[in-house]
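Input: a single structure, listed below in C-alpha cells.
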Amino acid sequence: MGQINQTMFDYMRSYRNTYYGIAWYYKKSKQSLYEFLKKVDKVAGSFIAMGIRAGDCITICLPNIPQALTAFYAANRIGAVVSIVHPLTALADFQKQLEITKPKLCLLSEINYLKLAPALKGIKVVHCPVYLNKFVGLKPPVKFEPFHSD
C-alpha cells in the first residue's frame with residue numbers, strides 16, 4: 001500500500017475532481033461535495049478568526065451531526081489537532097480529557113452543554129444545535145493562508 005502524504009482535507013478536495021455527488025446525508029437533508037467544501041472553508045476561516053492556528057487543539061464533543069464532520073475537516077484544513085470526545089462522556093472524564101489535550105476551542109451541542117460547561121473555564125465554546133445545521137458562536141470568517149498545498 002502506497003503512502004499518502006497529504007491532509008485529509010487535501011485528499012477530499014482532490015477527490016472532487018472526479019466526483020461531484022453528495023458529501024453527506026443526514027436525516028432528510030444532504031449536501032453536495034462542492035457545498036460541503038465551501039462550508040469547510042468558511043468554518044476554517046472562522047476558526048482562524050477565533051485565534052486557532054496550526055498545531056492548536058480543538059475538542060469536538062458532538063453526536064454524529066453535519067457540524068461535527070464540517071468542524072473536523074475545517075480543523076484539518078488549518079492544521080489544527082482534533083480531539084474527539086463522546087458527547088455522553090461524564091464530566092470527570094471530560095475534565096481529564098481537557099487537562100490532557102488543552103484545547104483552545106470546544107464544540108458542544110444542547111445534549112451535553114449544561115453538563116460539561118463547568119469544565120470549560122478559559123476555553124472558547126461553539127454551540128452546534130442537533131436539529132439545525134448551524135454553528136452558534138463562531139466569529140465571521142477571515143481569509144487565511146492555507147496550511148498545506150493549496
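So you can find residues: chains in the C-alpha cells are A, B, ... in the order shown, residues in each start at 1, and ligands are numbered from 1 in order.
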
Quiz prompt | Near-Lys102 (chain A) list (12 Å; only C-alpha atoms; drop same-chain fewer than 5 positions) as number ranges by chain | solution = A: 55-59, 81-83, 94-97, 119-124

Output for the residues just chosen: N, CA and C atoms as a PDB file, in the first residue's frame:
ATOM      1  N   GLY A  55      -1.511  23.362  14.770  1.00  0.00           N
ATOM      2  CA  GLY A  55      -0.941  22.781  15.979  1.00  0.00           C
ATOM      3  C   GLY A  55      -1.806  22.959  17.215  1.00  0.00           C
ATOM      4  N   ASP A  56      -2.758  23.907  17.198  1.00  0.00           N
ATOM      5  CA  ASP A  56      -3.669  24.084  18.331  1.00  0.00           C
ATOM      6  C   ASP A  56      -4.660  22.929  18.370  1.00  0.00           C
ATOM      7  N   CYS A  57      -5.196  22.665  19.550  1.00  0.00           N
ATOM      8  CA  CYS A  57      -6.156  21.568  19.714  1.00  0.00           C
ATOM      9  C   CYS A  57      -7.584  22.107  19.766  1.00  0.00           C
ATOM     10  N   ILE A  58      -8.476  21.397  19.088  1.00  0.00           N
ATOM     11  CA  ILE A  58      -9.911  21.663  19.116  1.00  0.00           C
ATOM     12  C   ILE A  58     -10.588  20.386  19.606  1.00  0.00           C
ATOM     13  N   THR A  59     -11.474  20.513  20.584  1.00  0.00           N
ATOM     14  CA  THR A  59     -12.234  19.361  21.056  1.00  0.00           C
ATOM     15  C   THR A  59     -13.615  19.379  20.419  1.00  0.00           C
ATOM     16  N   VAL A  81      -5.190  20.283  15.560  1.00  0.00           N
ATOM     17  CA  VAL A  81      -5.329  18.907  16.037  1.00  0.00           C
ATOM     18  C   VAL A  81      -6.737  18.755  16.596  1.00  0.00           C
ATOM     19  N   VAL A  82      -7.396  17.660  16.277  1.00  0.00           N
ATOM     20  CA  VAL A  82      -8.759  17.431  16.746  1.00  0.00           C
ATOM     21  C   VAL A  82      -8.775  16.328  17.793  1.00  0.00           C
ATOM     22  N   SER A  83      -9.422  16.622  18.901  1.00  0.00           N
ATOM     23  CA  SER A  83      -9.675  15.628  19.941  1.00  0.00           C
ATOM     24  C   SER A  83     -11.179  15.371  19.932  1.00  0.00           C
ATOM     25  N   PHE A  94     -14.481  14.086  31.038  1.00  0.00           N
ATOM     26  CA  PHE A  94     -14.320  15.220  30.135  1.00  0.00           C
ATOM     27  C   PHE A  94     -13.235  16.165  30.654  1.00  0.00           C
ATOM     28  N   GLN A  95     -13.250  16.423  31.955  1.00  0.00           N
ATOM     29  CA  GLN A  95     -12.239  17.288  32.560  1.00  0.00           C
ATOM     30  C   GLN A  95     -10.839  16.707  32.386  1.00  0.00           C
ATOM     31  N   LYS A  96     -10.696  15.402  32.565  1.00  0.00           N
ATOM     32  CA  LYS A  96      -9.396  14.748  32.363  1.00  0.00           C
ATOM     33  C   LYS A  96      -8.931  14.927  30.917  1.00  0.00           C
ATOM     34  N   GLN A  97      -9.853  14.746  29.982  1.00  0.00           N
ATOM     35  CA  GLN A  97      -9.523  14.904  28.567  1.00  0.00           C
ATOM     36  C   GLN A  97      -9.057  16.325  28.268  1.00  0.00           C
ATOM     37  N   ALA A 119     -16.664  22.646  33.067  1.00  0.00           N
ATOM     38  CA  ALA A 119     -15.259  22.272  32.847  1.00  0.00           C
ATOM     39  C   ALA A 119     -14.563  23.190  31.848  1.00  0.00           C
ATOM     40  N   LEU A 120     -15.288  24.106  31.227  1.00  0.00           N
ATOM     41  CA  LEU A 120     -14.753  24.873  30.101  1.00  0.00           C
ATOM     42  C   LEU A 120     -14.240  26.260  30.480  1.00  0.00           C
ATOM     43  N   LYS A 121     -13.640  26.389  31.627  1.00  0.00           N
ATOM     44  CA  LYS A 121     -13.099  27.686  32.051  1.00  0.00           C
ATOM     45  C   LYS A 121     -11.937  28.081  31.140  1.00  0.00           C
ATOM     46  N   GLY A 122     -12.063  29.235  30.506  1.00  0.00           N
ATOM     47  CA  GLY A 122     -10.990  29.741  29.659  1.00  0.00           C
ATOM     48  C   GLY A 122     -10.922  29.123  28.271  1.00  0.00           C
ATOM     49  N   ILE A 123     -11.878  28.282  27.930  1.00  0.00           N
ATOM     50  CA  ILE A 123     -11.900  27.636  26.613  1.00  0.00           C
ATOM     51  C   ILE A 123     -13.066  28.218  25.817  1.00  0.00           C
ATOM     52  N   LYS A 124     -12.809  28.612  24.578  1.00  0.00           N
ATOM     53  CA  LYS A 124     -13.866  29.132  23.717  1.00  0.00           C
ATOM     54  C   LYS A 124     -14.828  27.999  23.383  1.00  0.00           C
TER      55      LYS A 124
END

Exercise. List every residue of region 22-134 of chain A that DSSP, applied to the backbone of this structure, assigns to alpha helix (DSSP H), and report them as a ChimeraX atom specification.
Key: /A:33-49,66-78,91-101,113-116

I need the chosen residues saved as a PDB file, in the first residue's frame, with C-alpha atoms.
ATOM      1  CA  LEU A  33     -19.316  17.855  -2.067  1.00  0.00           C
ATOM      2  CA  TYR A  34     -18.918  21.339  -3.567  1.00  0.00           C
ATOM      3  CA  GLU A  35     -21.153  22.952  -0.903  1.00  0.00           C
ATOM      4  CA  PHE A  36     -19.506  20.907   1.847  1.00  0.00           C
ATOM      5  CA  LEU A  37     -16.019  22.101   0.881  1.00  0.00           C
ATOM      6  CA  LYS A  38     -17.253  25.724   0.743  1.00  0.00           C
ATOM      7  CA  LYS A  39     -18.694  25.317   4.265  1.00  0.00           C
ATOM      8  CA  VAL A  40     -15.425  23.767   5.474  1.00  0.00           C
ATOM      9  CA  ASP A  41     -13.519  26.811   4.172  1.00  0.00           C
ATOM     10  CA  LYS A  42     -15.952  29.181   5.888  1.00  0.00           C
ATOM     11  CA  VAL A  43     -15.679  27.375   9.243  1.00  0.00           C
ATOM     12  CA  ALA A  44     -11.891  27.164   8.900  1.00  0.00           C
ATOM     13  CA  GLY A  45     -11.813  30.937   8.386  1.00  0.00           C
ATOM     14  CA  SER A  46     -13.965  31.352  11.489  1.00  0.00           C
ATOM     15  CA  PHE A  47     -11.580  29.169  13.492  1.00  0.00           C
ATOM     16  CA  ILE A  48      -8.713  31.404  12.354  1.00  0.00           C
ATOM     17  CA  ALA A  49     -10.732  34.488  13.411  1.00  0.00           C
ATOM     18  CA  PRO A  66     -23.139  17.535   9.981  1.00  0.00           C
ATOM     19  CA  GLN A  67     -21.381  20.173  12.116  1.00  0.00           C
ATOM     20  CA  ALA A  68     -19.061  17.501  13.575  1.00  0.00           C
ATOM     21  CA  LEU A  69     -17.937  16.455  10.110  1.00  0.00           C
ATOM     22  CA  THR A  70     -17.559  20.054   8.929  1.00  0.00           C
ATOM     23  CA  ALA A  71     -15.608  21.086  12.038  1.00  0.00           C
ATOM     24  CA  PHE A  72     -13.311  18.069  11.725  1.00  0.00           C
ATOM     25  CA  TYR A  73     -12.358  18.912   8.146  1.00  0.00           C
ATOM     26  CA  ALA A  74     -12.129  22.653   8.923  1.00  0.00           C
ATOM     27  CA  ALA A  75      -9.645  21.948  11.723  1.00  0.00           C
ATOM     28  CA  ASN A  76      -7.702  19.682   9.383  1.00  0.00           C
ATOM     29  CA  ARG A  77      -7.796  22.431   6.762  1.00  0.00           C
ATOM     30  CA  ILE A  78      -5.885  24.832   9.026  1.00  0.00           C
ATOM     31  CA  LEU A  91     -17.987  15.419  33.485  1.00  0.00           C
ATOM     32  CA  ALA A  92     -14.988  13.953  35.353  1.00  0.00           C
ATOM     33  CA  ASP A  93     -13.767  12.110  32.248  1.00  0.00           C
ATOM     34  CA  PHE A  94     -14.320  15.220  30.135  1.00  0.00           C
ATOM     35  CA  GLN A  95     -12.239  17.288  32.560  1.00  0.00           C
ATOM     36  CA  LYS A  96      -9.396  14.748  32.363  1.00  0.00           C
ATOM     37  CA  GLN A  97      -9.523  14.904  28.567  1.00  0.00           C
ATOM     38  CA  LEU A  98      -9.341  18.704  28.654  1.00  0.00           C
ATOM     39  CA  GLU A  99      -6.339  18.589  31.001  1.00  0.00           C
ATOM     40  CA  ILE A 100      -4.519  16.248  28.625  1.00  0.00           C
ATOM     41  CA  THR A 101      -5.308  17.989  25.334  1.00  0.00           C
ATOM     42  CA  TYR A 113     -23.663  21.733  27.083  1.00  0.00           C
ATOM     43  CA  LEU A 114     -25.236  22.154  30.524  1.00  0.00           C
ATOM     44  CA  LYS A 115     -23.467  19.089  31.902  1.00  0.00           C
ATOM     45  CA  LEU A 116     -19.993  19.875  30.519  1.00  0.00           C
TER      46      LEU A 116
END

Quiz prompt | DSSP-assigned strand (DSSP E or B) among region 11-129 of chain A, expressed as a ChimeraX atom specification | solution = /A:22-26,29-32,57-61,81-84,105-108,124-127

Go ahead and write the residues just picked, N, CA and C atoms, as a PDB file, in the first residue's frame.
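Writing done, so here's selection.pdb:
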ATOM      1  N   ILE A  22     -22.891  13.756  -3.714  1.00  0.00           N
ATOM      2  CA  ILE A  22     -23.294  14.143  -2.368  1.00  0.00           C
ATOM      3  C   ILE A  22     -22.177  13.805  -1.377  1.00  0.00           C
ATOM      4  N   ALA A  23     -21.835  14.769  -0.513  1.00  0.00           N
ATOM      5  CA  ALA A  23     -20.804  14.556   0.511  1.00  0.00           C
ATOM      6  C   ALA A  23     -21.379  13.823   1.714  1.00  0.00           C
ATOM      7  N   TRP A  24     -22.608  14.193   2.125  1.00  0.00           N
ATOM      8  CA  TRP A  24     -23.235  13.532   3.265  1.00  0.00           C
ATOM      9  C   TRP A  24     -24.760  13.602   3.169  1.00  0.00           C
ATOM     10  N   TYR A  25     -25.371  12.636   3.820  1.00  0.00           N
ATOM     11  CA  TYR A  25     -26.811  12.596   4.032  1.00  0.00           C
ATOM     12  C   TYR A  25     -27.023  12.593   5.538  1.00  0.00           C
ATOM     13  N   TYR A  26     -27.980  13.384   6.025  1.00  0.00           N
ATOM     14  CA  TYR A  26     -28.307  13.387   7.449  1.00  0.00           C
ATOM     15  C   TYR A  26     -29.801  13.596   7.575  1.00  0.00           C
ATOM     16  N   SER A  29     -31.833  15.597   4.982  1.00  0.00           N
ATOM     17  CA  SER A  29     -31.050  16.606   4.259  1.00  0.00           C
ATOM     18  C   SER A  29     -29.782  15.983   3.685  1.00  0.00           C
ATOM     19  N   LYS A  30     -29.195  16.698   2.759  1.00  0.00           N
ATOM     20  CA  LYS A  30     -27.955  16.247   2.139  1.00  0.00           C
ATOM     21  C   LYS A  30     -27.178  17.472   1.690  1.00  0.00           C
ATOM     22  N   GLN A  31     -25.890  17.285   1.420  1.00  0.00           N
ATOM     23  CA  GLN A  31     -25.061  18.390   0.958  1.00  0.00           C
ATOM     24  C   GLN A  31     -24.104  17.879  -0.096  1.00  0.00           C
ATOM     25  N   SER A  32     -23.994  18.637  -1.166  1.00  0.00           N
ATOM     26  CA  SER A  32     -23.079  18.250  -2.240  1.00  0.00           C
ATOM     27  C   SER A  32     -21.638  18.423  -1.763  1.00  0.00           C
ATOM     28  N   CYS A  57      -5.196  22.665  19.550  1.00  0.00           N
ATOM     29  CA  CYS A  57      -6.156  21.568  19.714  1.00  0.00           C
ATOM     30  C   CYS A  57      -7.584  22.107  19.766  1.00  0.00           C
ATOM     31  N   ILE A  58      -8.476  21.397  19.088  1.00  0.00           N
ATOM     32  CA  ILE A  58      -9.911  21.663  19.116  1.00  0.00           C
ATOM     33  C   ILE A  58     -10.588  20.386  19.606  1.00  0.00           C
ATOM     34  N   THR A  59     -11.474  20.513  20.584  1.00  0.00           N
ATOM     35  CA  THR A  59     -12.234  19.361  21.056  1.00  0.00           C
ATOM     36  C   THR A  59     -13.615  19.379  20.419  1.00  0.00           C
ATOM     37  N   ILE A  60     -13.967  18.278  19.785  1.00  0.00           N
ATOM     38  CA  ILE A  60     -15.296  18.117  19.197  1.00  0.00           C
ATOM     39  C   ILE A  60     -16.033  17.090  20.046  1.00  0.00           C
ATOM     40  N   CYS A  61     -17.054  17.564  20.746  1.00  0.00           N
ATOM     41  CA  CYS A  61     -17.837  16.698  21.628  1.00  0.00           C
ATOM     42  C   CYS A  61     -19.287  16.739  21.141  1.00  0.00           C
ATOM     43  N   VAL A  81      -5.190  20.283  15.560  1.00  0.00           N
ATOM     44  CA  VAL A  81      -5.329  18.907  16.037  1.00  0.00           C
ATOM     45  C   VAL A  81      -6.737  18.755  16.596  1.00  0.00           C
ATOM     46  N   VAL A  82      -7.396  17.660  16.277  1.00  0.00           N
ATOM     47  CA  VAL A  82      -8.759  17.431  16.746  1.00  0.00           C
ATOM     48  C   VAL A  82      -8.775  16.328  17.793  1.00  0.00           C
ATOM     49  N   SER A  83      -9.422  16.622  18.901  1.00  0.00           N
ATOM     50  CA  SER A  83      -9.675  15.628  19.941  1.00  0.00           C
ATOM     51  C   SER A  83     -11.179  15.371  19.932  1.00  0.00           C
ATOM     52  N   ILE A  84     -11.558  14.141  19.626  1.00  0.00           N
ATOM     53  CA  ILE A  84     -12.981  13.809  19.573  1.00  0.00           C
ATOM     54  C   ILE A  84     -13.359  13.116  20.875  1.00  0.00           C
ATOM     55  N   LEU A 105     -10.533  25.514  21.775  1.00  0.00           N
ATOM     56  CA  LEU A 105     -11.923  25.623  21.349  1.00  0.00           C
ATOM     57  C   LEU A 105     -12.610  24.288  21.581  1.00  0.00           C
ATOM     58  N   CYS A 106     -13.871  24.358  22.005  1.00  0.00           N
ATOM     59  CA  CYS A 106     -14.656  23.136  22.195  1.00  0.00           C
ATOM     60  C   CYS A 106     -16.013  23.323  21.523  1.00  0.00           C
ATOM     61  N   LEU A 107     -16.444  22.314  20.786  1.00  0.00           N
ATOM     62  CA  LEU A 107     -17.754  22.328  20.140  1.00  0.00           C
ATOM     63  C   LEU A 107     -18.674  21.378  20.892  1.00  0.00           C
ATOM     64  N   LEU A 108     -19.803  21.913  21.373  1.00  0.00           N
ATOM     65  CA  LEU A 108     -20.779  21.149  22.137  1.00  0.00           C
ATOM     66  C   LEU A 108     -22.168  21.325  21.540  1.00  0.00           C
ATOM     67  N   LYS A 124     -12.809  28.612  24.578  1.00  0.00           N
ATOM     68  CA  LYS A 124     -13.866  29.132  23.717  1.00  0.00           C
ATOM     69  C   LYS A 124     -14.828  27.999  23.383  1.00  0.00           C
ATOM     70  N   VAL A 125     -16.110  28.329  23.316  1.00  0.00           N
ATOM     71  CA  VAL A 125     -17.138  27.324  23.067  1.00  0.00           C
ATOM     72  C   VAL A 125     -17.980  27.725  21.858  1.00  0.00           C
ATOM     73  N   VAL A 126     -18.261  26.745  21.011  1.00  0.00           N
ATOM     74  CA  VAL A 126     -19.196  26.912  19.900  1.00  0.00           C
ATOM     75  C   VAL A 126     -20.314  25.901  20.111  1.00  0.00           C
ATOM     76  N   HIS A 127     -21.552  26.389  20.047  1.00  0.00           N
ATOM     77  CA  HIS A 127     -22.720  25.528  20.236  1.00  0.00           C
ATOM     78  C   HIS A 127     -23.227  25.076  18.872  1.00  0.00           C
TER      79      HIS A 127
END

Quiz item: Which value, in Å to one decimal, gives the distance between CA of Pro87 (chain A) and CA of Leu62 (chain A)?
Solution: 5.1 Å

Quiz item: Given the choices A:Ile65, A:Ala80, A:Gly21, A:His86, which gets closest to Lys134 (chain A) if the distance is worked out from only C-alpha atoms?
Solution: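 Of the candidates, the smallest distance to Lys134 (chain A) is held by A:Ile65.
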
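A straight line drawn from CA of Ala90 (chain A) to CA of Ala117 (chain A) is 11.8 Å long.
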